[in-house]
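> The structure is given below, and queries will be raised subsequently.
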Amino acid sequence: MCIKISENYAIITNNLTKNFGNIVAVNNLNLKIPYGLTFGLLGPNGAGKTTTVRMLNSIISPTSGTAKVVGYDLISQSQQVKINSGFLPETPGLYQKLTAKEFLEFVGELYYLPKEIISNRIEELIDIFNLEGRENDLLEGYSRGMKQKVCLCAALIHDPKIIFLDEPTSNLDPAAARMVKDLISDLAKKADKTIFICTHLLDAAEELCDLIGIIDNGVIKVEGSPKEIIESTETKDLEEAYLKIMGATRIEDLLAWREELPKNLEKKKKTKKKKRS
């Protein structure tokens with residue numbers, strides 16, 4: 001029975017936990033994400049999103065608990081997890097003095113892909129991401145949006161079954177962010193990929209995700225489709241639902257700087273007066 005369950009789900013976690021010293025970054029995470037869906041993990045900075053995605057990629061090991069990604073165990077079969085996963089971190093590293101084509105060839109070789117397959121995949125990806133005519137230009141001359149395209153190409157070069165995207169529209173202007181959202185949508189619909197997105201951008205999550213989990217202080221507070229979450233909280237959109245779920249305390253914390261600002265300015269003025277006198 002367990003085998004059937006793992007075959008039906010791209011990701012299954014069982015009390016997955018990660019501690020950094022006395023800090024509990026992820027606490028007893030339990031997820032079941034079916035194949036072919038786009039899952040969004042939402043939460044504020046420091047909620048445990050990046051730690052979760054790094055565990056699910058076998059980049060870091062959990063402190064306790066178990067998980068399977070596309071049927072492979074995170075710890076005992078970590079190499080298979082990496083081979084079947086594509087990962088775009090929030091701040092990906094690019095070799096600026098390489099061309100897009102050279103960079104993708106380098107990434108393909110890291111996965112021990114045959115040269116012929118690498119060449120064919122690069123041609124396909126260059127076409128899909130509309131990079132024709134720029135593939136032989138140095139990456140240092142690319143815009144942020146174009147660099148993000150190349151990073152997505154790198155995450156797909158080995159044709160993974162699941163793609164992890166950590167804040168994929170971070171630091172992009174509205175036009176570039178729109179472009180990346182469209183590409184993610186196309187990947188889910190046309191390429192039939194399972195996609196796991198970490199984000200704090202609610203509009204992107206509501207637009208792209210079939211399922212959503214809201215995490216805070218390492219704990220999943222709610223999980224379901226955007227529609228289910230909105231209806232269960234009796235709100236009109238995901239933004240209102242999110243704020244209601246996170247509670248007034250979180251909002252007060254986020255706005256506390258406004259109250260502190262006048263106090264800090266007054267202190268600085270007094271300090272300057274004392275120095276002058």
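Chain labels run A, B, ... following the order of the structure tokens; each chain numbers its residues from 1, and ligands are numbered from 1 in the order shown.
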Please extract the residues of stretch 130-234 of chain A with a backbone DSSP assignment of strand (DSSP E) and present them as a PDB file with N, CA and C atoms, in the first residue's frame.

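So states.pdb came out as:
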```pdb
ATOM      1  N   ILE A 162      10.504  17.029 -11.458  1.00  0.00           N
ATOM      2  CA  ILE A 162       9.969  18.064 -10.576  1.00  0.00           C
ATOM      3  C   ILE A 162      10.914  19.258 -10.572  1.00  0.00           C
ATOM      4  N   ILE A 163      10.339  20.464 -10.520  1.00  0.00           N
ATOM      5  CA  ILE A 163      11.144  21.689 -10.542  1.00  0.00           C
ATOM      6  C   ILE A 163      10.860  22.501  -9.296  1.00  0.00           C
ATOM      7  N   PHE A 164      11.912  22.851  -8.563  1.00  0.00           N
ATOM      8  CA  PHE A 164      11.800  23.678  -7.363  1.00  0.00           C
ATOM      9  C   PHE A 164      12.245  25.101  -7.699  1.00  0.00           C
ATOM     10  N   LEU A 165      11.388  26.073  -7.414  1.00  0.00           N
ATOM     11  CA  LEU A 165      11.679  27.478  -7.708  1.00  0.00           C
ATOM     12  C   LEU A 165      11.568  28.284  -6.417  1.00  0.00           C
ATOM     13  N   ASP A 166      12.683  28.851  -5.980  1.00  0.00           N
ATOM     14  CA  ASP A 166      12.705  29.638  -4.741  1.00  0.00           C
ATOM     15  C   ASP A 166      12.652  31.120  -5.093  1.00  0.00           C
ATOM     16  N   THR A 194       5.835  18.746 -12.470  1.00  0.00           N
ATOM     17  CA  THR A 194       5.420  19.091 -11.115  1.00  0.00           C
ATOM     18  C   THR A 194       6.302  20.249 -10.663  1.00  0.00           C
ATOM     19  N   ILE A 195       5.673  21.312 -10.163  1.00  0.00           N
ATOM     20  CA  ILE A 195       6.426  22.515  -9.803  1.00  0.00           C
ATOM     21  C   ILE A 195       6.170  22.870  -8.346  1.00  0.00           C
ATOM     22  N   PHE A 196       7.243  23.160  -7.621  1.00  0.00           N
ATOM     23  CA  PHE A 196       7.185  23.543  -6.210  1.00  0.00           C
ATOM     24  C   PHE A 196       7.771  24.951  -6.115  1.00  0.00           C
ATOM     25  N   ILE A 197       6.907  25.919  -5.767  1.00  0.00           N
ATOM     26  CA  ILE A 197       7.334  27.325  -5.714  1.00  0.00           C
ATOM     27  C   ILE A 197       7.349  27.818  -4.273  1.00  0.00           C
ATOM     28  N   CYS A 198       8.454  28.427  -3.868  1.00  0.00           N
ATOM     29  CA  CYS A 198       8.514  29.141  -2.587  1.00  0.00           C
ATOM     30  C   CYS A 198       8.373  30.630  -2.888  1.00  0.00           C
ATOM     31  N   THR A 199       7.439  31.295  -2.235  1.00  0.00           N
ATOM     32  CA  THR A 199       7.253  32.711  -2.505  1.00  0.00           C
ATOM     33  C   THR A 199       6.535  33.398  -1.358  1.00  0.00           C
ATOM     34  N   LEU A 211      -2.230  24.092  -5.588  1.00  0.00           N
ATOM     35  CA  LEU A 211      -2.292  23.878  -4.138  1.00  0.00           C
ATOM     36  C   LEU A 211      -1.358  24.852  -3.452  1.00  0.00           C
ATOM     37  N   ILE A 212      -1.725  25.225  -2.222  1.00  0.00           N
ATOM     38  CA  ILE A 212      -0.921  26.181  -1.466  1.00  0.00           C
ATOM     39  C   ILE A 212      -0.787  25.703  -0.020  1.00  0.00           C
ATOM     40  N   GLY A 213       0.396  25.893   0.535  1.00  0.00           N
ATOM     41  CA  GLY A 213       0.622  25.694   1.960  1.00  0.00           C
ATOM     42  C   GLY A 213       1.169  26.984   2.538  1.00  0.00           C
ATOM     43  N   ILE A 214       0.614  27.428   3.647  1.00  0.00           N
ATOM     44  CA  ILE A 214       1.097  28.653   4.301  1.00  0.00           C
ATOM     45  C   ILE A 214       1.898  28.241   5.534  1.00  0.00           C
ATOM     46  N   ILE A 215       3.154  28.667   5.556  1.00  0.00           N
ATOM     47  CA  ILE A 215       4.067  28.260   6.626  1.00  0.00           C
ATOM     48  C   ILE A 215       4.501  29.470   7.441  1.00  0.00           C
ATOM     49  N   ASP A 216       4.623  29.283   8.747  1.00  0.00           N
ATOM     50  CA  ASP A 216       5.110  30.349   9.628  1.00  0.00           C
ATOM     51  C   ASP A 216       5.861  29.711  10.790  1.00  0.00           C
ATOM     52  N   VAL A 219       6.119  25.915  10.672  1.00  0.00           N
ATOM     53  CA  VAL A 219       4.923  25.074  10.818  1.00  0.00           C
ATOM     54  C   VAL A 219       3.905  25.434   9.737  1.00  0.00           C
ATOM     55  N   ILE A 220       3.350  24.419   9.077  1.00  0.00           N
ATOM     56  CA  ILE A 220       2.280  24.646   8.103  1.00  0.00           C
ATOM     57  C   ILE A 220       0.998  24.990   8.854  1.00  0.00           C
ATOM     58  N   LYS A 221       0.465  26.180   8.574  1.00  0.00           N
ATOM     59  CA  LYS A 221      -0.740  26.633   9.256  1.00  0.00           C
ATOM     60  C   LYS A 221      -2.011  26.210   8.535  1.00  0.00           C
ATOM     61  N   VAL A 222      -1.949  26.151   7.198  1.00  0.00           N
ATOM     62  CA  VAL A 222      -3.113  25.754   6.410  1.00  0.00           C
ATOM     63  C   VAL A 222      -2.637  25.253   5.055  1.00  0.00           C
ATOM     64  N   GLU A 223      -3.429  24.358   4.449  1.00  0.00           N
ATOM     65  CA  GLU A 223      -3.077  23.808   3.143  1.00  0.00           C
ATOM     66  C   GLU A 223      -4.357  23.567   2.346  1.00  0.00           C
ATOM     67  N   GLY A 224      -4.308  23.821   1.034  1.00  0.00           N
ATOM     68  CA  GLY A 224      -5.459  23.601   0.169  1.00  0.00           C
ATOM     69  C   GLY A 224      -5.317  24.383  -1.115  1.00  0.00           C
TER      70      GLY A 224
END
```
> Of the candidates A:Ala176, A:Gly86, A:Ile230, A:Leu29, which shows the shortest atom-to-atom distance to A:Leu243, using only C-alpha atoms?
A:Ile230
> Which residue, A:Leu113, A:Val107, A:Lys101, A:Asp173, has the smallest gap to A:Glu135 when you use only C-alpha atoms?
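Among A:Leu113, A:Val107, A:Lys101, A:Asp173, it is A:Lys101 that comes nearest to A:Glu135.
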> I'd like the contact shell of stretch 70-75 of chain A - 8 Å cut-off, only C-alpha atoms, skipping same-chain residues fewer than 4 positions apart - returned as a list in words.
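Non-adjacent residues within range: Ser6, Glu7, Tyr9, Ala10, Ile11, Met55, Leu56, Asn57, Ser58, Ser61, Thr66, Gln80, Val81, Asn84, Lys161 and Ile162 of chain A.
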> Suppose you want the space between atom CA of A:Gln77 and atom CA of A:Ile122; what is it in Å?
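Here the two named atoms are 27.9 Å from each other.
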> Taking into account only C-alpha atoms, which residue in the set A:Ile23, A:Leu31, A:Ile59, A:Ala177 is nearest to A:Gly46?
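Between A:Ile23, A:Leu31, A:Ile59, A:Ala177, the residue approaching A:Gly46 most closely is A:Ile23.
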> Report the distance between atom CA of A:Cys153 and atom CA of A:Asn8 in Å, rounded to one decimal place.
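According to the coordinates, atom CA of A:Cys153 and atom CA of A:Asn8 are separated by 26.9 Å.
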> Considering only C-alpha atoms, return as a short mmCIF file (atom, residue, chain, number, x, y, z; two decimals) with N, CA, C and O atoms, in the first residue's frame whatever protein or nucleic-acid residues lie within 12 Å of A:Cys209, sequence-local ones (same chain, fewer than 6 positions apart) excluded.

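Now in around_34.cif:
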```
data_model
loop_
_atom_site.label_atom_id
_atom_site.label_comp_id
_atom_site.auth_asym_id
_atom_site.auth_seq_id
_atom_site.Cartn_x
_atom_site.Cartn_y
_atom_site.Cartn_z
N ILE A 33 2.03 15.93 -2.25
CA ILE A 33 1.84 16.74 -3.46
C ILE A 33 1.75 15.81 -4.66
O ILE A 33 2.72 15.13 -5.00
N GLY A 36 2.22 16.49 -11.41
CA GLY A 36 1.60 17.33 -12.41
C GLY A 36 0.97 18.61 -11.92
O GLY A 36 0.43 19.38 -12.70
N LEU A 37 1.05 18.88 -10.59
CA LEU A 37 0.46 20.09 -10.03
C LEU A 37 1.55 21.12 -9.72
O LEU A 37 2.73 20.80 -9.59
N THR A 38 1.11 22.36 -9.56
CA THR A 38 2.01 23.42 -9.09
C THR A 38 1.64 23.72 -7.64
O THR A 38 0.51 24.11 -7.34
N PHE A 39 2.61 23.52 -6.74
CA PHE A 39 2.41 23.74 -5.30
C PHE A 39 3.16 24.99 -4.88
O PHE A 39 4.32 25.18 -5.24
N GLY A 40 2.50 25.85 -4.12
CA GLY A 40 3.13 27.06 -3.62
C GLY A 40 3.28 27.03 -2.12
O GLY A 40 2.31 26.79 -1.40
N LEU A 41 4.50 27.24 -1.64
CA LEU A 41 4.75 27.35 -0.20
C LEU A 41 4.89 28.83 0.12
O LEU A 41 5.86 29.48 -0.30
N LEU A 42 3.91 29.37 0.83
CA LEU A 42 3.87 30.80 1.14
C LEU A 42 4.27 31.05 2.58
O LEU A 42 4.02 30.23 3.46
N LYS A 181 6.43 34.40 -14.90
CA LYS A 181 5.16 33.75 -14.53
C LYS A 181 4.57 32.99 -15.71
O LYS A 181 4.08 31.88 -15.56
N ILE A 184 6.51 29.78 -16.28
CA ILE A 184 6.18 28.77 -15.27
C ILE A 184 4.82 28.13 -15.59
O ILE A 184 4.65 26.91 -15.51
N SER A 185 3.86 28.96 -15.97
CA SER A 185 2.54 28.46 -16.34
C SER A 185 2.62 27.51 -17.53
O SER A 185 1.98 26.45 -17.55
N ALA A 188 4.06 24.08 -16.53
CA ALA A 188 3.09 23.23 -15.84
C ALA A 188 2.08 22.64 -16.81
O ALA A 188 1.74 21.45 -16.71
N LYS A 189 1.61 23.45 -17.77
CA LYS A 189 0.54 23.00 -18.66
C LYS A 189 1.06 22.19 -19.85
O LYS A 189 0.52 21.13 -20.19
N THR A 194 5.84 18.75 -12.47
CA THR A 194 5.42 19.09 -11.11
C THR A 194 6.30 20.25 -10.66
O THR A 194 7.52 20.18 -10.78
N ILE A 195 5.67 21.31 -10.16
CA ILE A 195 6.43 22.52 -9.80
C ILE A 195 6.17 22.87 -8.35
O ILE A 195 5.02 22.87 -7.89
N PHE A 196 7.24 23.16 -7.62
CA PHE A 196 7.18 23.54 -6.21
C PHE A 196 7.77 24.95 -6.11
O PHE A 196 8.95 25.15 -6.36
N ILE A 197 6.91 25.92 -5.77
CA ILE A 197 7.33 27.33 -5.71
C ILE A 197 7.35 27.82 -4.27
O ILE A 197 6.38 27.65 -3.54
N CYS A 198 8.45 28.43 -3.87
CA CYS A 198 8.51 29.14 -2.59
C CYS A 198 8.37 30.63 -2.89
O CYS A 198 9.11 31.16 -3.72
N THR A 199 7.44 31.29 -2.24
CA THR A 199 7.25 32.71 -2.51
C THR A 199 6.54 33.40 -1.36
O THR A 199 5.90 32.75 -0.53
N LEU A 201 4.95 36.27 -2.54
CA LEU A 201 4.13 37.09 -3.43
C LEU A 201 2.78 36.41 -3.64
O LEU A 201 2.68 35.41 -4.34
N LEU A 202 1.74 36.96 -3.03
CA LEU A 202 0.44 36.30 -3.00
C LEU A 202 -0.24 36.29 -4.37
O LEU A 202 -0.92 35.32 -4.71
N ASP A 203 -0.06 37.35 -5.15
CA ASP A 203 -0.71 37.38 -6.46
C ASP A 203 -0.15 36.30 -7.38
O ASP A 203 -0.89 35.65 -8.12
N GLU A 223 -3.43 24.36 4.45
CA GLU A 223 -3.08 23.81 3.14
C GLU A 223 -4.36 23.57 2.35
O GLU A 223 -5.39 23.17 2.89
N GLY A 224 -4.31 23.82 1.03
CA GLY A 224 -5.46 23.60 0.17
C GLY A 224 -5.32 24.38 -1.11
O GLY A 224 -4.30 25.05 -1.35
N SER A 225 -6.33 24.32 -1.96
CA SER A 225 -6.31 25.13 -3.19
C SER A 225 -6.56 26.58 -2.81
O SER A 225 -7.12 26.86 -1.74
N PRO A 226 -6.16 27.54 -3.66
CA PRO A 226 -6.44 28.94 -3.35
C PRO A 226 -7.93 29.18 -3.07
O PRO A 226 -8.28 29.90 -2.12
N LYS A 227 -8.80 28.55 -3.85
CA LYS A 227 -10.24 28.72 -3.66
C LYS A 227 -10.69 28.19 -2.30
O LYS A 227 -11.47 28.84 -1.59
N LEU A 238 -6.80 35.83 -1.94
CA LEU A 238 -5.75 35.14 -1.19
C LEU A 238 -5.01 36.09 -0.25
O LEU A 238 -4.58 35.68 0.84
#
```
> So, counting only C-alpha atoms, which residue among A:Asn171, A:Tyr111, A:Thr63, A:Ser85 is closest to A:Gly21?
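Smallest distance to A:Gly21 is found for A:Thr63.
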> For A:Ser143, which residue among A:Leu131, A:Ala241, A:Val69, A:Val24 is the nearest when counting only C-alpha atoms?
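Between A:Leu131, A:Ala241, A:Val69, A:Val24, the residue approaching A:Ser143 most closely is A:Leu131.
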> Name all residues at most 9 Å from A:Val180 (count only C-alpha atoms; drop same-chain ones fewer than 5 positions away) and give them as a PDB file with N, CA, C and O atoms, in the first residue's frame.

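The new file selection_20.pdb reads:
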```pdb
ATOM      1  N   GLY A 145      15.915  39.765 -16.339  1.00  0.00           N
ATOM      2  CA  GLY A 145      14.907  38.848 -16.850  1.00  0.00           C
ATOM      3  C   GLY A 145      15.502  37.769 -17.732  1.00  0.00           C
ATOM      4  O   GLY A 145      15.142  36.593 -17.637  1.00  0.00           O
ATOM      5  N   GLN A 148      17.354  35.247 -15.671  1.00  0.00           N
ATOM      6  CA  GLN A 148      16.422  34.322 -15.029  1.00  0.00           C
ATOM      7  C   GLN A 148      15.967  33.251 -16.019  1.00  0.00           C
ATOM      8  O   GLN A 148      15.774  32.095 -15.652  1.00  0.00           O
ATOM      9  N   LYS A 149      15.818  33.635 -17.273  1.00  0.00           N
ATOM     10  CA  LYS A 149      15.483  32.662 -18.311  1.00  0.00           C
ATOM     11  C   LYS A 149      16.580  31.598 -18.422  1.00  0.00           C
ATOM     12  O   LYS A 149      16.301  30.402 -18.504  1.00  0.00           O
ATOM     13  N   PRO A 168      11.041  32.820  -7.616  1.00  0.00           N
ATOM     14  CA  PRO A 168      11.478  32.949  -9.025  1.00  0.00           C
ATOM     15  C   PRO A 168      11.343  34.337  -9.622  1.00  0.00           C
ATOM     16  O   PRO A 168      11.981  34.627 -10.635  1.00  0.00           O
ATOM     17  N   THR A 169      10.506  35.211  -9.029  1.00  0.00           N
ATOM     18  CA  THR A 169      10.366  36.572  -9.570  1.00  0.00           C
ATOM     19  C   THR A 169      11.047  37.616  -8.684  1.00  0.00           C
ATOM     20  O   THR A 169      10.818  38.812  -8.842  1.00  0.00           O
ATOM     21  N   ALA A 175       7.683  43.734 -15.852  1.00  0.00           N
ATOM     22  CA  ALA A 175       7.640  43.088 -17.164  1.00  0.00           C
ATOM     23  C   ALA A 175       8.369  41.740 -17.136  1.00  0.00           C
ATOM     24  O   ALA A 175       7.881  40.727 -17.664  1.00  0.00           O
ATOM     25  N   SER A 185       3.864  28.960 -15.974  1.00  0.00           N
ATOM     26  CA  SER A 185       2.542  28.458 -16.341  1.00  0.00           C
ATOM     27  C   SER A 185       2.621  27.511 -17.532  1.00  0.00           C
ATOM     28  O   SER A 185       1.976  26.449 -17.552  1.00  0.00           O
TER      29      SER A 185
END
```
> Kindly give the distance, in Å, that separates atom CA of A:Ser76 and atom CA of A:Lys32, rounded to a single decimal.
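These two atoms are separated by 19.8 Å.
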> Compare A:Glu207, A:Glu105, A:Glu132, A:Glu167 by their minimum atom-to-atom distance to A:Asn45, counting only C-alpha atoms, and give me the closest one.
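Distance minimum relative to A:Asn45 lands on A:Glu167.
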> Do you know which residues are at most 8 Å from A:Ser64 counting only C-alpha atoms, after dropping those on the same chain fewer than 3 positions away, and could you put them as a PyMOL selection string?
chain A and resi 15-18
> Any chance you could export the current selection's N, CA, C and O atoms as a PDB file, in the first residue's frame?

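Produced file selection-v3.pdb, reproduced below:
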```pdb
ATOM      1  N   ASN A  15       6.691  14.224   9.029  1.00  0.00           N
ATOM      2  CA  ASN A  15       7.301  14.889  10.197  1.00  0.00           C
ATOM      3  C   ASN A  15       8.718  15.389   9.897  1.00  0.00           C
ATOM      4  O   ASN A  15       9.617  15.287  10.743  1.00  0.00           O
ATOM      5  N   LEU A  16       8.900  15.932   8.719  1.00  0.00           N
ATOM      6  CA  LEU A  16      10.218  16.435   8.313  1.00  0.00           C
ATOM      7  C   LEU A  16      10.591  17.650   9.155  1.00  0.00           C
ATOM      8  O   LEU A  16       9.844  18.634   9.223  1.00  0.00           O
ATOM      9  N   THR A  17      11.749  17.593   9.781  1.00  0.00           N
ATOM     10  CA  THR A  17      12.175  18.637  10.728  1.00  0.00           C
ATOM     11  C   THR A  17      13.625  19.008  10.489  1.00  0.00           C
ATOM     12  O   THR A  17      14.460  18.149  10.201  1.00  0.00           O
ATOM     13  N   LYS A  18      13.929  20.308  10.608  1.00  0.00           N
ATOM     14  CA  LYS A  18      15.311  20.768  10.502  1.00  0.00           C
ATOM     15  C   LYS A  18      15.599  21.787  11.582  1.00  0.00           C
ATOM     16  O   LYS A  18      14.930  22.813  11.705  1.00  0.00           O
TER      17      LYS A  18
END
```
> When DSSP works through the backbone of this structure, what residues of stretch 10-126 of chain A end up as helix (DSSP H, G or I), shown as a ChimeraX atom specification?
/A:49-56,78-83,100-110,115-126
> For A:Ile117, list every protein, DNA or RNA residue within 12 Å, evaluated using only C-alpha atoms, and leave out those in the same chain fewer than 4 positions away; present the list as a list in words.
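Contacts, in chain order: Leu104, Glu105, Gly108, Glu109, Tyr111, Tyr112, Leu113, Arg121, Ile122, Glu123, Glu124, Ile157, His158 and Asp159 of chain A.
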> Put those residues in a file: C-alpha atoms, as a JSON list (two decimals), in the first residue's frame.

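Dumped to selection32.json:
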```json
[["chain", "number", "residue", "atom", "x", "y", "z"],
["A", 104, "LEU", "CA", 24.20, 25.45, -20.25],
["A", 105, "GLU", "CA", 26.81, 23.06, -21.69],
["A", 108, "GLY", "CA", 24.62, 19.61, -18.68],
["A", 109, "GLU", "CA", 28.06, 18.08, -18.17],
["A", 111, "TYR", "CA", 24.68, 15.86, -14.86],
["A", 112, "TYR", "CA", 26.90, 13.60, -17.05],
["A", 113, "LEU", "CA", 24.60, 14.03, -20.04],
["A", 121, "ARG", "CA", 18.34, 20.20, -25.13],
["A", 122, "ILE", "CA", 20.06, 23.59, -25.43],
["A", 123, "GLU", "CA", 18.51, 24.12, -28.87],
["A", 124, "GLU", "CA", 15.06, 23.26, -27.51],
["A", 157, "ILE", "CA", 18.60, 20.91, -18.94],
["A", 158, "HIS", "CA", 18.46, 17.35, -17.52],
["A", 159, "ASP", "CA", 14.66, 17.06, -18.05]]
```
